[in-house]
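> Sharing structure-v2.cif below, mmCIF, C-alpha atoms:
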```
data_protein
#
loop_
_atom_site.label_atom_id
_atom_site.label_comp_id
_atom_site.auth_asym_id
_atom_site.auth_seq_id
_atom_site.Cartn_x
_atom_site.Cartn_y
_atom_site.Cartn_z
CA MET A 24 -8.26 37.69 -23.54
CA ASN A 25 -5.59 37.68 -20.89
CA THR A 26 -2.78 35.32 -21.90
CA ALA A 27 -1.71 34.92 -18.26
CA GLN A 28 -5.00 33.27 -17.22
CA PRO A 29 -4.06 30.36 -14.95
CA GLN A 30 -7.33 28.56 -15.80
CA LEU A 31 -6.13 27.72 -19.28
CA ARG A 32 -3.80 24.95 -20.31
CA PRO A 33 -0.53 26.02 -21.92
CA ASN A 34 -1.21 27.08 -25.53
CA GLU A 35 -4.95 27.48 -25.08
CA ALA A 36 -4.86 31.24 -24.63
CA GLU A 37 -2.59 31.55 -27.63
CA ILE A 38 -4.86 29.35 -29.79
CA ILE A 39 -7.91 31.37 -28.73
CA GLU A 40 -6.12 34.57 -29.78
CA ARG A 41 -5.36 33.01 -33.14
CA VAL A 42 -9.01 31.98 -33.64
CA CYS A 43 -10.27 35.44 -32.72
CA GLY A 44 -7.55 37.05 -34.82
CA GLY A 45 -8.95 35.47 -37.99
CA GLU A 46 -7.65 31.91 -37.98
CA PRO A 47 -10.84 29.89 -37.33
CA GLU A 48 -9.19 26.57 -38.24
CA ALA A 49 -7.11 26.82 -35.07
CA PHE A 50 -10.27 26.18 -33.03
CA TYR A 51 -10.14 22.56 -34.06
CA GLU A 52 -6.75 22.24 -32.41
CA LEU A 53 -8.20 23.71 -29.23
CA VAL A 54 -11.19 21.43 -29.04
CA ARG A 55 -9.65 18.14 -30.22
CA PRO A 56 -8.37 17.00 -26.76
CA TYR A 57 -11.87 17.49 -25.31
CA GLU A 58 -13.96 15.66 -27.91
CA ARG A 59 -14.31 12.55 -25.75
CA MET A 60 -15.34 14.56 -22.68
CA VAL A 61 -17.93 16.46 -24.68
CA TYR A 62 -19.31 13.24 -26.12
CA ALA A 63 -19.46 11.51 -22.72
CA THR A 64 -21.26 14.52 -21.22
CA ALA A 65 -23.74 14.50 -24.10
CA ILE A 66 -24.44 10.78 -23.83
CA SER A 67 -24.86 11.08 -20.06
CA VAL A 68 -27.97 13.10 -20.78
CA ALA A 69 -29.09 11.77 -24.15
CA LYS A 70 -28.33 8.05 -23.74
CA ASN A 71 -28.45 7.20 -27.43
CA PRO A 72 -25.21 7.56 -29.43
CA ALA A 73 -26.76 9.31 -32.46
CA ASP A 74 -28.38 12.02 -30.31
CA ALA A 75 -25.22 12.33 -28.24
CA GLU A 76 -23.12 12.91 -31.34
CA GLU A 77 -25.49 15.57 -32.62
CA ILE A 78 -25.52 17.32 -29.23
CA ALA A 79 -21.73 17.10 -28.88
CA GLN A 80 -21.12 18.53 -32.33
CA GLU A 81 -23.67 21.31 -31.93
CA ALA A 82 -22.10 22.21 -28.58
CA ILE A 83 -18.62 22.39 -30.07
CA LEU A 84 -19.86 24.57 -32.93
CA LYS A 85 -21.65 26.82 -30.43
CA ALA A 86 -18.43 27.12 -28.45
CA PHE A 87 -16.70 28.12 -31.67
CA SER A 88 -19.27 30.87 -32.34
CA ASN A 89 -18.78 32.23 -28.80
CA ILE A 90 -15.10 31.64 -28.22
CA CYS A 91 -14.13 35.33 -28.50
CA ARG A 92 -16.49 36.05 -25.59
CA PHE A 93 -14.83 33.43 -23.37
CA ARG A 94 -13.15 35.26 -20.49
CA ALA A 95 -11.24 32.35 -18.96
CA GLU A 96 -12.99 32.72 -15.63
CA SER A 97 -13.18 28.94 -15.62
CA LYS A 98 -11.18 26.28 -17.41
CA PHE A 99 -11.89 26.04 -21.13
CA SER A 100 -13.11 22.44 -20.55
CA THR A 101 -15.60 23.57 -17.86
CA TRP A 102 -17.00 26.24 -20.19
CA LEU A 103 -17.21 23.75 -23.06
CA LEU A 104 -18.99 21.15 -20.90
CA GLN A 105 -21.41 23.79 -19.60
CA ILE A 106 -22.39 24.51 -23.19
CA THR A 107 -22.68 20.77 -23.88
CA TYR A 108 -24.84 20.17 -20.83
CA ASN A 109 -27.16 23.05 -21.75
CA GLU A 110 -27.40 21.87 -25.33
CA ALA A 111 -28.24 18.34 -24.13
CA ARG A 112 -30.85 19.60 -21.70
CA MET A 113 -32.52 21.68 -24.39
CA LYS A 114 -32.67 18.70 -26.69
CA LEU A 115 -34.04 16.51 -23.93
CA LYS A 116 -36.74 19.05 -23.13
CA LYS A 117 -37.76 19.15 -26.76
CA SER A 118 -38.03 15.39 -27.01
CA ARG A 119 -39.58 15.11 -23.52
CA ARG A 120 -37.66 11.88 -23.04
CA HIS A 121 -36.96 12.81 -19.44
CA LEU A 122 -40.35 11.41 -18.62
CA TYR A 123 -39.25 7.84 -19.16
CA GLU A 124 -39.33 5.32 -16.34
CA SER A 125 -36.02 4.80 -14.56
CA ILE A 126 -34.98 2.22 -12.00
CA ASP A 127 -34.14 4.62 -9.24
CA GLY A 128 -36.74 6.88 -7.71
CA GLN A 129 -38.10 3.74 -6.10
CA ARG A 130 -36.48 1.98 -3.16
CA GLN A 131 -36.27 5.05 -1.00
CA ASN A 132 -37.99 5.89 2.25
CA GLU A 133 -39.89 9.11 2.89
CA LYS A 134 -36.70 10.93 3.88
CA GLY A 135 -35.18 10.12 0.51
CA ASP A 136 -32.61 7.63 1.81
CA TYR A 137 -31.61 4.88 -0.58
CA TRP A 138 -31.63 1.41 0.91
CA PRO A 139 -29.13 -0.83 -0.78
CA ARG A 140 -30.17 -4.37 -1.58
CA ASP A 141 -28.61 -7.27 0.24
CA TYR A 142 -26.34 -8.79 -2.37
CA ALA A 143 -23.48 -11.14 -1.86
CA ASP A 144 -19.92 -10.11 -1.25
CA TRP A 145 -18.62 -8.44 -4.30
CA ARG A 146 -14.90 -8.89 -4.06
CA PRO A 147 -12.39 -6.73 -5.91
CA ILE A 148 -12.86 -7.03 -9.64
CA PRO A 149 -10.05 -8.72 -11.54
CA SER A 150 -8.83 -6.18 -14.06
CA GLU A 151 -9.25 -8.59 -16.98
CA LEU A 152 -12.99 -8.52 -16.34
CA LEU A 153 -13.03 -4.96 -17.62
CA GLU A 154 -11.74 -6.19 -20.97
CA GLN A 155 -14.91 -8.18 -21.57
CA SER A 156 -17.33 -6.38 -23.84
CA GLU A 157 -20.18 -8.12 -22.03
CA ILE A 158 -19.20 -6.43 -18.78
CA ARG A 159 -18.81 -3.06 -20.47
CA LYS A 160 -22.26 -3.44 -22.00
CA ALA A 161 -23.74 -4.32 -18.61
CA VAL A 162 -22.16 -1.23 -17.05
CA GLN A 163 -23.42 0.96 -19.91
CA ASN A 164 -26.94 -0.43 -19.52
CA ALA A 165 -26.83 0.13 -15.79
CA ILE A 166 -25.70 3.74 -16.29
CA ASN A 167 -28.43 4.26 -18.88
CA SER A 168 -31.06 3.06 -16.46
CA LEU A 169 -30.25 5.88 -14.01
CA SER A 170 -32.36 9.03 -14.12
CA PRO A 171 -30.71 11.86 -16.11
CA ASN A 172 -29.89 13.83 -12.93
CA HIS A 173 -28.04 10.92 -11.39
CA ARG A 174 -26.47 9.79 -14.62
CA ASN A 175 -24.82 13.07 -15.51
CA VAL A 176 -23.32 13.55 -12.03
CA LEU A 177 -21.92 10.00 -12.14
CA VAL A 178 -20.47 10.49 -15.62
CA LEU A 179 -18.85 13.81 -14.76
CA ARG A 180 -17.36 12.53 -11.52
CA ASP A 181 -16.61 8.83 -11.93
CA VAL A 182 -16.18 8.55 -15.70
CA GLN A 183 -14.55 11.90 -16.40
CA HIS A 184 -12.98 12.40 -12.96
CA LEU A 185 -13.85 16.10 -12.78
CA SER A 186 -13.49 17.99 -9.51
CA MET A 187 -16.46 18.87 -7.33
CA LYS A 188 -15.93 22.55 -8.27
CA GLU A 189 -16.05 21.82 -11.99
CA ILE A 190 -19.19 19.71 -11.65
CA THR A 191 -21.06 22.34 -9.65
CA ALA A 192 -20.11 24.92 -12.32
CA ILE A 193 -21.22 22.72 -15.23
CA LEU A 194 -24.52 21.61 -13.73
CA GLY A 195 -25.27 24.80 -11.80
CA ILE A 196 -26.15 22.92 -8.59
CA SER A 197 -24.70 22.93 -5.06
CA GLU A 198 -21.91 20.65 -3.86
CA ALA A 199 -24.39 19.03 -1.46
CA SER A 200 -26.67 18.13 -4.37
CA VAL A 201 -23.76 16.75 -6.39
CA LYS A 202 -22.71 14.57 -3.44
CA SER A 203 -26.20 13.31 -2.77
CA ARG A 204 -26.89 12.50 -6.44
CA LEU A 205 -23.51 10.82 -6.78
CA HIS A 206 -24.18 8.73 -3.72
CA ARG A 207 -27.56 7.61 -4.99
CA ALA A 208 -26.19 6.89 -8.47
CA ARG A 209 -23.39 4.70 -7.13
CA LEU A 210 -25.69 2.69 -4.87
CA VAL A 211 -28.25 2.18 -7.63
CA LEU A 212 -25.50 1.01 -9.97
CA ARG A 213 -24.22 -1.39 -7.35
CA ASP A 214 -27.70 -2.81 -6.97
CA SER A 215 -28.06 -3.32 -10.69
CA LEU A 216 -24.58 -4.74 -11.26
CA ALA A 217 -23.94 -6.81 -8.14
CA PRO A 218 -26.15 -9.78 -9.09
CA GLY A 219 -23.97 -10.48 -12.12
CA MET A 220 -20.62 -9.71 -10.62
CA ASP A 221 -19.98 -12.70 -8.40
CA GLY A 222 -19.25 -14.85 -11.42
CA CYS A 223 -22.81 -15.85 -12.33
CA TRP A 224 -22.65 -14.00 -15.64
CA THR A 225 -19.89 -16.29 -16.73
CA LYS A 226 -21.07 -19.38 -14.87
CA GLY A 227 -24.82 -18.95 -15.34
CA GLN A 228 -25.52 -19.31 -11.61
CA PRO A 229 -27.94 -17.33 -9.48
CA TYR A 230 -26.38 -14.78 -7.16
CA ARG A 231 -25.99 -15.44 -3.45
CA LYS A 232 -27.29 -13.32 -0.63
CA VAL A 233 -25.33 -12.35 2.44
CA ARG A 234 -28.31 -13.20 4.56
CA SER A 235 -32.03 -13.13 4.13
CA TRP A 236 -33.71 -10.01 5.46
CA MET B 104 -13.99 -5.81 26.83
CA VAL B 105 -16.82 -7.41 24.86
CA LYS B 106 -19.13 -4.62 25.96
CA LYS B 107 -16.63 -1.97 24.88
CA LYS B 108 -16.28 -3.53 21.40
CA LEU B 109 -20.04 -3.84 21.02
CA MET B 110 -20.47 -0.18 21.98
CA ALA B 111 -18.04 0.89 19.29
CA THR B 112 -19.86 -1.07 16.59
CA ILE B 113 -23.38 -0.11 17.50
CA GLU B 114 -22.42 3.52 17.73
CA ILE B 115 -23.46 4.01 14.12
CA SER B 116 -26.38 2.30 12.43
CA CYS B 117 -26.42 0.59 9.03
CA VAL B 118 -28.65 3.33 7.64
CA GLU B 119 -26.19 6.00 8.75
CA VAL B 120 -23.35 4.02 7.19
CA TRP B 121 -25.21 3.72 3.85
CA ARG B 122 -25.81 7.45 3.80
CA GLU B 123 -22.09 8.11 4.02
CA ILE B 124 -20.67 5.29 1.86
CA SER B 125 -20.03 7.52 -1.14
CA ASN B 126 -18.43 10.27 0.97
CA TYR B 127 -16.37 7.59 2.71
CA LEU B 128 -15.01 6.41 -0.64
CA ASP B 129 -14.21 9.98 -1.69
CA ASN B 130 -12.61 10.68 1.68
CA GLU B 131 -15.05 13.51 2.30
CA ILE B 132 -15.82 12.67 5.93
CA SER B 133 -14.26 13.52 9.28
CA THR B 134 -11.66 11.24 10.85
CA GLU B 135 -14.05 10.54 13.68
CA LEU B 136 -16.84 9.37 11.37
CA ARG B 137 -14.34 7.33 9.35
CA GLU B 138 -13.26 5.50 12.51
CA ARG B 139 -16.82 4.79 13.51
CA MET B 140 -17.63 3.50 10.05
CA GLU B 141 -14.53 1.31 10.01
CA ALA B 142 -15.53 -0.21 13.35
CA HIS B 143 -18.98 -0.86 11.89
CA PHE B 144 -17.59 -2.52 8.74
CA LYS B 145 -15.56 -4.92 10.88
CA ALA B 146 -18.73 -6.17 12.49
CA CYS B 147 -21.29 -5.91 9.69
CA ALA B 148 -21.05 -8.17 6.63
CA HIS B 149 -23.92 -6.44 4.88
CA CYS B 150 -22.42 -2.95 5.06
CA THR B 151 -19.03 -4.34 4.01
CA ALA B 152 -20.69 -5.90 0.96
CA VAL B 153 -22.33 -2.57 0.14
CA LEU B 154 -18.97 -0.80 0.53
CA ASP B 155 -17.07 -3.30 -1.65
CA GLY B 156 -19.76 -3.24 -4.31
CA THR B 157 -19.90 0.55 -4.40
CA ARG B 158 -16.11 0.75 -4.62
CA ASN B 159 -16.20 -1.73 -7.50
CA VAL B 160 -18.82 0.37 -9.27
CA VAL B 161 -16.55 3.41 -9.07
CA GLU B 162 -13.70 1.34 -10.51
CA LEU B 163 -15.78 -0.18 -13.30
CA VAL B 164 -17.30 3.11 -14.36
CA GLY B 165 -13.94 4.89 -14.23
CA ASP B 166 -12.41 2.36 -16.58
CA GLY B 167 -12.51 4.82 -19.47
CA LYS B 168 -13.78 2.31 -22.02
CA ILE B 169 -17.40 2.70 -21.07
CA PHE B 170 -18.26 5.43 -23.57
CA GLN B 171 -16.52 4.75 -26.84
CA MET B 172 -16.58 7.61 -29.31
CA PRO B 173 -18.54 6.68 -32.44
CA GLU B 174 -16.21 5.92 -35.32
CA GLY B 175 -15.74 8.90 -37.63
CA PHE B 176 -16.88 11.44 -35.00
CA SER B 177 -13.90 13.75 -35.55
CA LYS B 178 -14.17 13.57 -39.32
CA ARG B 179 -17.86 14.47 -39.29
CA LEU B 180 -17.24 17.26 -36.80
CA TYR B 181 -14.48 18.68 -38.93
CA LYS B 182 -16.76 18.69 -42.00
CA LYS B 183 -19.50 20.58 -40.12
CA PHE B 184 -16.91 22.93 -38.73
CA GLN B 185 -15.52 23.74 -42.18
CA LYS B 186 -19.03 24.53 -43.40
CA ARG B 187 -19.60 26.99 -40.54
CA SER B 188 -16.19 28.62 -40.23
#
```
Output the structure of this file as C-alpha cells.


Amino acid sequence: MNTAQPQLRPNEAEIIERVCGGEPEAFYELVRPYERMVYATAISVAKNPADAEEIAQEAILKAFSNICRFRAESKFSTWLLQITYNEARMKLKKSRRHLYESIDGQRQNEKGDYWPRDYADWRPIPSELLEQSEIRKAVQNAINSLSPNHRNVLVLRDVQHLSMKEITAILGISEASVKSRLHRARLVLRDSLAPGMDGCWTKGQPYRKVRSW
Amino acid sequence: MVKKKLMATIEISCVEVWREISNYLDNEISTELRERMEAHFKACAHCTAVLDGTRNVVELVGDGKIFQMPEGFSKRLYKKFQKRS
C-alpha cells in the first residue's frame, strides 16, 4: 500500500494500513462515509429495500475481506461500488428478476432512438415541491420502472453525481454506452413524471399537451 | 431576414435535438451544436418542453432525498461486521 496514492482521500491510506496491520475495527471508519452510496448503488439494481440492504452489507463485508489487496489504482469509493455492483448483479441473476417488464424498451424506433412524449411545459420546479413525500415517492417509482441498465447509470450519475470515468469503471462499459443509457433514462423519467408535474397532482386536473400530434 | 432565421432553426431537426438533449444538459457537445440547438429551442415549443422536463428530472433525482437509508442500517452492518472480523 503506497501512502502517497493520490486516488485516496486523506486518512484512507493510513486507515487501510491499520486494518491490514491487525486493527480490523478501523475498517468501519473507512467505510462509514460511503454507506449511503453503497446502498443507493445496491437499490439501483435491486429495487427493493430489503434486498438492497443485504447486497450493500455483503458488498461492504466483501470489501473488508479484500481490503489488503486493494492497490489504490482507483478511488476507494470506485472500488467499493464496483464490488457492490457485482454483488447486486449476481443476486439479480440468481433471482432472475431482470426479466420483469419495464416501461422503457418500448417507444423507440428501429434505430433505437427514444421519442419523447408531447407533454405540457414543465416549468422550473419550486424547491418546496421536493419536500413533499408524495413527489419523492413518484420519483422513486419512476426510477424503479426503468430497466436495470438505465436505472443504475441514472443513479450513479444523477443521484450520486459520480464522474463519467468512475461510472465506466464501476459498470465496465464504455463512455458512449453510459451517455446513451443516461440519455434514455432521463427522457423516460421525464415522460413518466411530466404528467403530474404541472400541478395536477395537487389540483387533481388532467395534464395539458403542448399540441396534438 | 425571415428566410435567414428560418434557415437557422430548420438546420437541426427535432429528432436530432432529442438525441442530444442529455449531452446538452451535461455540456458535452460542441459550441456549434449548442448554438444550433439553442436556435431550435427558440422556435420549437415541443423541444423546449422536452428540455425543461429533462432538466427538471435531473434536478429532482439529484435532490439527495430519493433513496433514504433504512433505519438501523449502520447498526446492523456493524453487528455483522463484528461477527466476521

> Please report the interatomic distance between atom CA of B:Val164 and atom CA of A:Ala199 in Å with one decimal.

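That distance, rounded to one decimal, is 21.7 Å.
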
> Can you turn the PyMOL selection byres ((chain B and resi 120) around 10) into a concrete residue list for this file, as a list in words?

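Matching residues under the PyMOL selection byres ((chain B and resi 120) around 10) are Ile115, Ser116, Cys117, Val118, Glu119, Trp121, Arg122, Glu123, Ile124, Ser125, Tyr127, Leu136, Arg137, Arg139, Met140, Glu141, His143, Phe144, Cys150, Thr151, Val153 and Leu154 of chain B.
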
> Spell out the residues picked by the PyMOL selection byres ((chain B) within 9 of (chain A)) here, as a ChimeraX atom specification.

/B:118,121-126,148-153,155-173,176-177,179-181,183-185,187-188

> Nearest to A:Leu194: which of A:Thr107, A:Asn71, A:Asn164, A:Ile78 is it, counting all atoms listed in the file?

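Looking only at the distances to A:Leu194, the closest residue turns out to be A:Thr107.
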
> So how many Å separate atom CA of A:Ile106 and atom CA of A:Leu179, to one decimal?

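Separating atom CA of A:Ile106 from atom CA of A:Leu179 is a distance of 14.1 Å.
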
> Quote the spacing between atom CA of A:Leu31 and atom CA of A:Ala82 in Å to one decimal place.

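These atoms are spaced 19.3 Å apart.
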
> Need to verify the contact set: A:Cys43, 9 Å, only C-alpha atoms, exclusion of same-chain residues closer than 5 positions in sequence. Can you return it as an MDAnalysis selection string?

chainID A and resid 38 90:91

> Mind telling me what the PyMOL selection byres ((chain A and resi 189) around 12) catches here, as an MDAnalysis selection string?

chainID A and resid 30 96:105 176 179:180 183:188 190:198 201

> Keeping C-alpha atoms, export the residues of the selection given above as a JSON list (two decimals), in the coordinates of the input.


```json
[["chain", "number", "residue", "atom", "x", "y", "z"],
["A", 30, "GLN", "CA", -7.33, 28.56, -15.80],
["A", 96, "GLU", "CA", -12.99, 32.72, -15.63],
["A", 97, "SER", "CA", -13.18, 28.94, -15.62],
["A", 98, "LYS", "CA", -11.18, 26.28, -17.41],
["A", 99, "PHE", "CA", -11.89, 26.04, -21.13],
["A", 100, "SER", "CA", -13.11, 22.44, -20.55],
["A", 101, "THR", "CA", -15.60, 23.57, -17.86],
["A", 102, "TRP", "CA", -17.00, 26.24, -20.19],
["A", 103, "LEU", "CA", -17.21, 23.75, -23.06],
["A", 104, "LEU", "CA", -18.99, 21.15, -20.90],
["A", 105, "GLN", "CA", -21.41, 23.79, -19.60],
["A", 176, "VAL", "CA", -23.32, 13.55, -12.03],
["A", 179, "LEU", "CA", -18.85, 13.81, -14.76],
["A", 180, "ARG", "CA", -17.36, 12.53, -11.52],
["A", 183, "GLN", "CA", -14.55, 11.90, -16.40],
["A", 184, "HIS", "CA", -12.98, 12.40, -12.96],
["A", 185, "LEU", "CA", -13.85, 16.10, -12.78],
["A", 186, "SER", "CA", -13.49, 17.99, -9.51],
["A", 187, "MET", "CA", -16.46, 18.87, -7.33],
["A", 188, "LYS", "CA", -15.93, 22.55, -8.27],
["A", 190, "ILE", "CA", -19.19, 19.71, -11.65],
["A", 191, "THR", "CA", -21.06, 22.34, -9.65],
["A", 192, "ALA", "CA", -20.11, 24.92, -12.32],
["A", 193, "ILE", "CA", -21.22, 22.72, -15.23],
["A", 194, "LEU", "CA", -24.52, 21.61, -13.73],
["A", 195, "GLY", "CA", -25.27, 24.80, -11.80],
["A", 196, "ILE", "CA", -26.15, 22.92, -8.59],
["A", 197, "SER", "CA", -24.70, 22.93, -5.06],
["A", 198, "GLU", "CA", -21.91, 20.65, -3.86],
["A", 201, "VAL", "CA", -23.76, 16.75, -6.39]]
```

> Could you give me stretch 135-166 of chain B completed to N, CA and C atoms, formatted as a PDB file, keeping the file's coordinate frame?


```pdb
ATOM      1  N   GLU B 135     -13.243  11.187  12.652  1.00  0.00           N
ATOM      2  CA  GLU B 135     -14.050  10.540  13.680  1.00  0.00           C
ATOM      3  C   GLU B 135     -15.122   9.633  13.054  1.00  0.00           C
ATOM      4  N   LEU B 136     -15.807  10.165  12.035  1.00  0.00           N
ATOM      5  CA  LEU B 136     -16.840   9.370  11.370  1.00  0.00           C
ATOM      6  C   LEU B 136     -16.207   8.175  10.643  1.00  0.00           C
ATOM      7  N   ARG B 137     -15.052   8.409  10.032  1.00  0.00           N
ATOM      8  CA  ARG B 137     -14.340   7.330   9.350  1.00  0.00           C
ATOM      9  C   ARG B 137     -14.049   6.180  10.329  1.00  0.00           C
ATOM     10  N   GLU B 138     -13.571   6.535  11.509  1.00  0.00           N
ATOM     11  CA  GLU B 138     -13.260   5.500  12.510  1.00  0.00           C
ATOM     12  C   GLU B 138     -14.501   4.730  12.931  1.00  0.00           C
ATOM     13  N   ARG B 139     -15.581   5.463  13.117  1.00  0.00           N
ATOM     14  CA  ARG B 139     -16.820   4.790  13.510  1.00  0.00           C
ATOM     15  C   ARG B 139     -17.316   3.869  12.405  1.00  0.00           C
ATOM     16  N   MET B 140     -17.186   4.338  11.163  1.00  0.00           N
ATOM     17  CA  MET B 140     -17.630   3.500  10.050  1.00  0.00           C
ATOM     18  C   MET B 140     -16.750   2.261   9.923  1.00  0.00           C
ATOM     19  N   GLU B 141     -15.447   2.452  10.111  1.00  0.00           N
ATOM     20  CA  GLU B 141     -14.530   1.310  10.010  1.00  0.00           C
ATOM     21  C   GLU B 141     -14.841   0.257  11.082  1.00  0.00           C
ATOM     22  N   ALA B 142     -15.155   0.714  12.271  1.00  0.00           N
ATOM     23  CA  ALA B 142     -15.530  -0.210  13.350  1.00  0.00           C
ATOM     24  C   ALA B 142     -16.800  -0.967  12.947  1.00  0.00           C
ATOM     25  N   HIS B 143     -17.725  -0.240  12.317  1.00  0.00           N
ATOM     26  CA  HIS B 143     -18.980  -0.860  11.890  1.00  0.00           C
ATOM     27  C   HIS B 143     -18.725  -1.915  10.804  1.00  0.00           C
ATOM     28  N   PHE B 144     -17.870  -1.569   9.827  1.00  0.00           N
ATOM     29  CA  PHE B 144     -17.590  -2.520   8.740  1.00  0.00           C
ATOM     30  C   PHE B 144     -17.010  -3.826   9.270  1.00  0.00           C
ATOM     31  N   LYS B 145     -16.176  -3.711  10.311  1.00  0.00           N
ATOM     32  CA  LYS B 145     -15.560  -4.920  10.880  1.00  0.00           C
ATOM     33  C   LYS B 145     -16.614  -5.887  11.400  1.00  0.00           C
ATOM     34  N   ALA B 146     -17.719  -5.327  11.855  1.00  0.00           N
ATOM     35  CA  ALA B 146     -18.730  -6.170  12.490  1.00  0.00           C
ATOM     36  C   ALA B 146     -19.932  -6.468  11.601  1.00  0.00           C
ATOM     37  N   CYS B 147     -20.048  -5.783  10.477  1.00  0.00           N
ATOM     38  CA  CYS B 147     -21.290  -5.910   9.690  1.00  0.00           C
ATOM     39  C   CYS B 147     -20.983  -6.351   8.260  1.00  0.00           C
ATOM     40  N   ALA B 148     -21.331  -7.608   7.963  1.00  0.00           N
ATOM     41  CA  ALA B 148     -21.050  -8.170   6.630  1.00  0.00           C
ATOM     42  C   ALA B 148     -21.856  -7.461   5.553  1.00  0.00           C
ATOM     43  N   HIS B 149     -23.069  -7.078   5.884  1.00  0.00           N
ATOM     44  CA  HIS B 149     -23.920  -6.440   4.880  1.00  0.00           C
ATOM     45  C   HIS B 149     -23.341  -5.100   4.430  1.00  0.00           C
ATOM     46  N   CYS B 150     -22.964  -4.263   5.411  1.00  0.00           N
ATOM     47  CA  CYS B 150     -22.420  -2.950   5.060  1.00  0.00           C
ATOM     48  C   CYS B 150     -21.076  -3.088   4.337  1.00  0.00           C
ATOM     49  N   THR B 151     -20.303  -4.113   4.704  1.00  0.00           N
ATOM     50  CA  THR B 151     -19.030  -4.340   4.010  1.00  0.00           C
ATOM     51  C   THR B 151     -19.293  -4.721   2.559  1.00  0.00           C
ATOM     52  N   ALA B 152     -20.340  -5.530   2.333  1.00  0.00           N
ATOM     53  CA  ALA B 152     -20.690  -5.900   0.960  1.00  0.00           C
ATOM     54  C   ALA B 152     -21.141  -4.670   0.166  1.00  0.00           C
ATOM     55  N   VAL B 153     -21.887  -3.792   0.811  1.00  0.00           N
ATOM     56  CA  VAL B 153     -22.330  -2.570   0.140  1.00  0.00           C
ATOM     57  C   VAL B 153     -21.103  -1.702  -0.203  1.00  0.00           C
ATOM     58  N   LEU B 154     -20.191  -1.602   0.748  1.00  0.00           N
ATOM     59  CA  LEU B 154     -18.970  -0.800   0.530  1.00  0.00           C
ATOM     60  C   LEU B 154     -18.145  -1.369  -0.626  1.00  0.00           C
ATOM     61  N   ASP B 155     -17.888  -2.675  -0.596  1.00  0.00           N
ATOM     62  CA  ASP B 155     -17.070  -3.300  -1.650  1.00  0.00           C
ATOM     63  C   ASP B 155     -17.730  -3.135  -3.016  1.00  0.00           C
ATOM     64  N   GLY B 156     -19.036  -3.355  -3.047  1.00  0.00           N
ATOM     65  CA  GLY B 156     -19.760  -3.240  -4.310  1.00  0.00           C
ATOM     66  C   GLY B 156     -19.715  -1.818  -4.848  1.00  0.00           C
ATOM     67  N   THR B 157     -19.893  -0.850  -3.963  1.00  0.00           N
ATOM     68  CA  THR B 157     -19.900   0.550  -4.400  1.00  0.00           C
ATOM     69  C   THR B 157     -18.506   0.936  -4.898  1.00  0.00           C
ATOM     70  N   ARG B 158     -17.489   0.459  -4.197  1.00  0.00           N
ATOM     71  CA  ARG B 158     -16.110   0.750  -4.620  1.00  0.00           C
ATOM     72  C   ARG B 158     -15.853   0.138  -6.003  1.00  0.00           C
ATOM     73  N   ASN B 159     -16.363  -1.080  -6.205  1.00  0.00           N
ATOM     74  CA  ASN B 159     -16.200  -1.730  -7.500  1.00  0.00           C
ATOM     75  C   ASN B 159     -16.916  -0.970  -8.618  1.00  0.00           C
ATOM     76  N   VAL B 160     -18.080  -0.417  -8.288  1.00  0.00           N
ATOM     77  CA  VAL B 160     -18.820   0.370  -9.270  1.00  0.00           C
ATOM     78  C   VAL B 160     -17.968   1.562  -9.719  1.00  0.00           C
ATOM     79  N   VAL B 161     -17.362   2.232  -8.750  1.00  0.00           N
ATOM     80  CA  VAL B 161     -16.550   3.410  -9.070  1.00  0.00           C
ATOM     81  C   VAL B 161     -15.384   2.988  -9.983  1.00  0.00           C
ATOM     82  N   GLU B 162     -14.825   1.807  -9.693  1.00  0.00           N
ATOM     83  CA  GLU B 162     -13.700   1.340 -10.510  1.00  0.00           C
ATOM     84  C   GLU B 162     -14.156   0.950 -11.920  1.00  0.00           C
ATOM     85  N   LEU B 163     -15.270   0.246 -11.995  1.00  0.00           N
ATOM     86  CA  LEU B 163     -15.780  -0.180 -13.300  1.00  0.00           C
ATOM     87  C   LEU B 163     -16.136   1.007 -14.192  1.00  0.00           C
ATOM     88  N   VAL B 164     -16.835   1.963 -13.596  1.00  0.00           N
ATOM     89  CA  VAL B 164     -17.300   3.110 -14.360  1.00  0.00           C
ATOM     90  C   VAL B 164     -16.119   3.983 -14.792  1.00  0.00           C
ATOM     91  N   GLY B 165     -15.096   4.025 -13.950  1.00  0.00           N
ATOM     92  CA  GLY B 165     -13.940   4.890 -14.230  1.00  0.00           C
ATOM     93  C   GLY B 165     -12.958   4.265 -15.194  1.00  0.00           C
ATOM     94  N   ASP B 166     -13.310   3.109 -15.710  1.00  0.00           N
ATOM     95  CA  ASP B 166     -12.410   2.360 -16.580  1.00  0.00           C
ATOM     96  C   ASP B 166     -12.016   3.114 -17.859  1.00  0.00           C
TER      97      ASP B 166
END
```
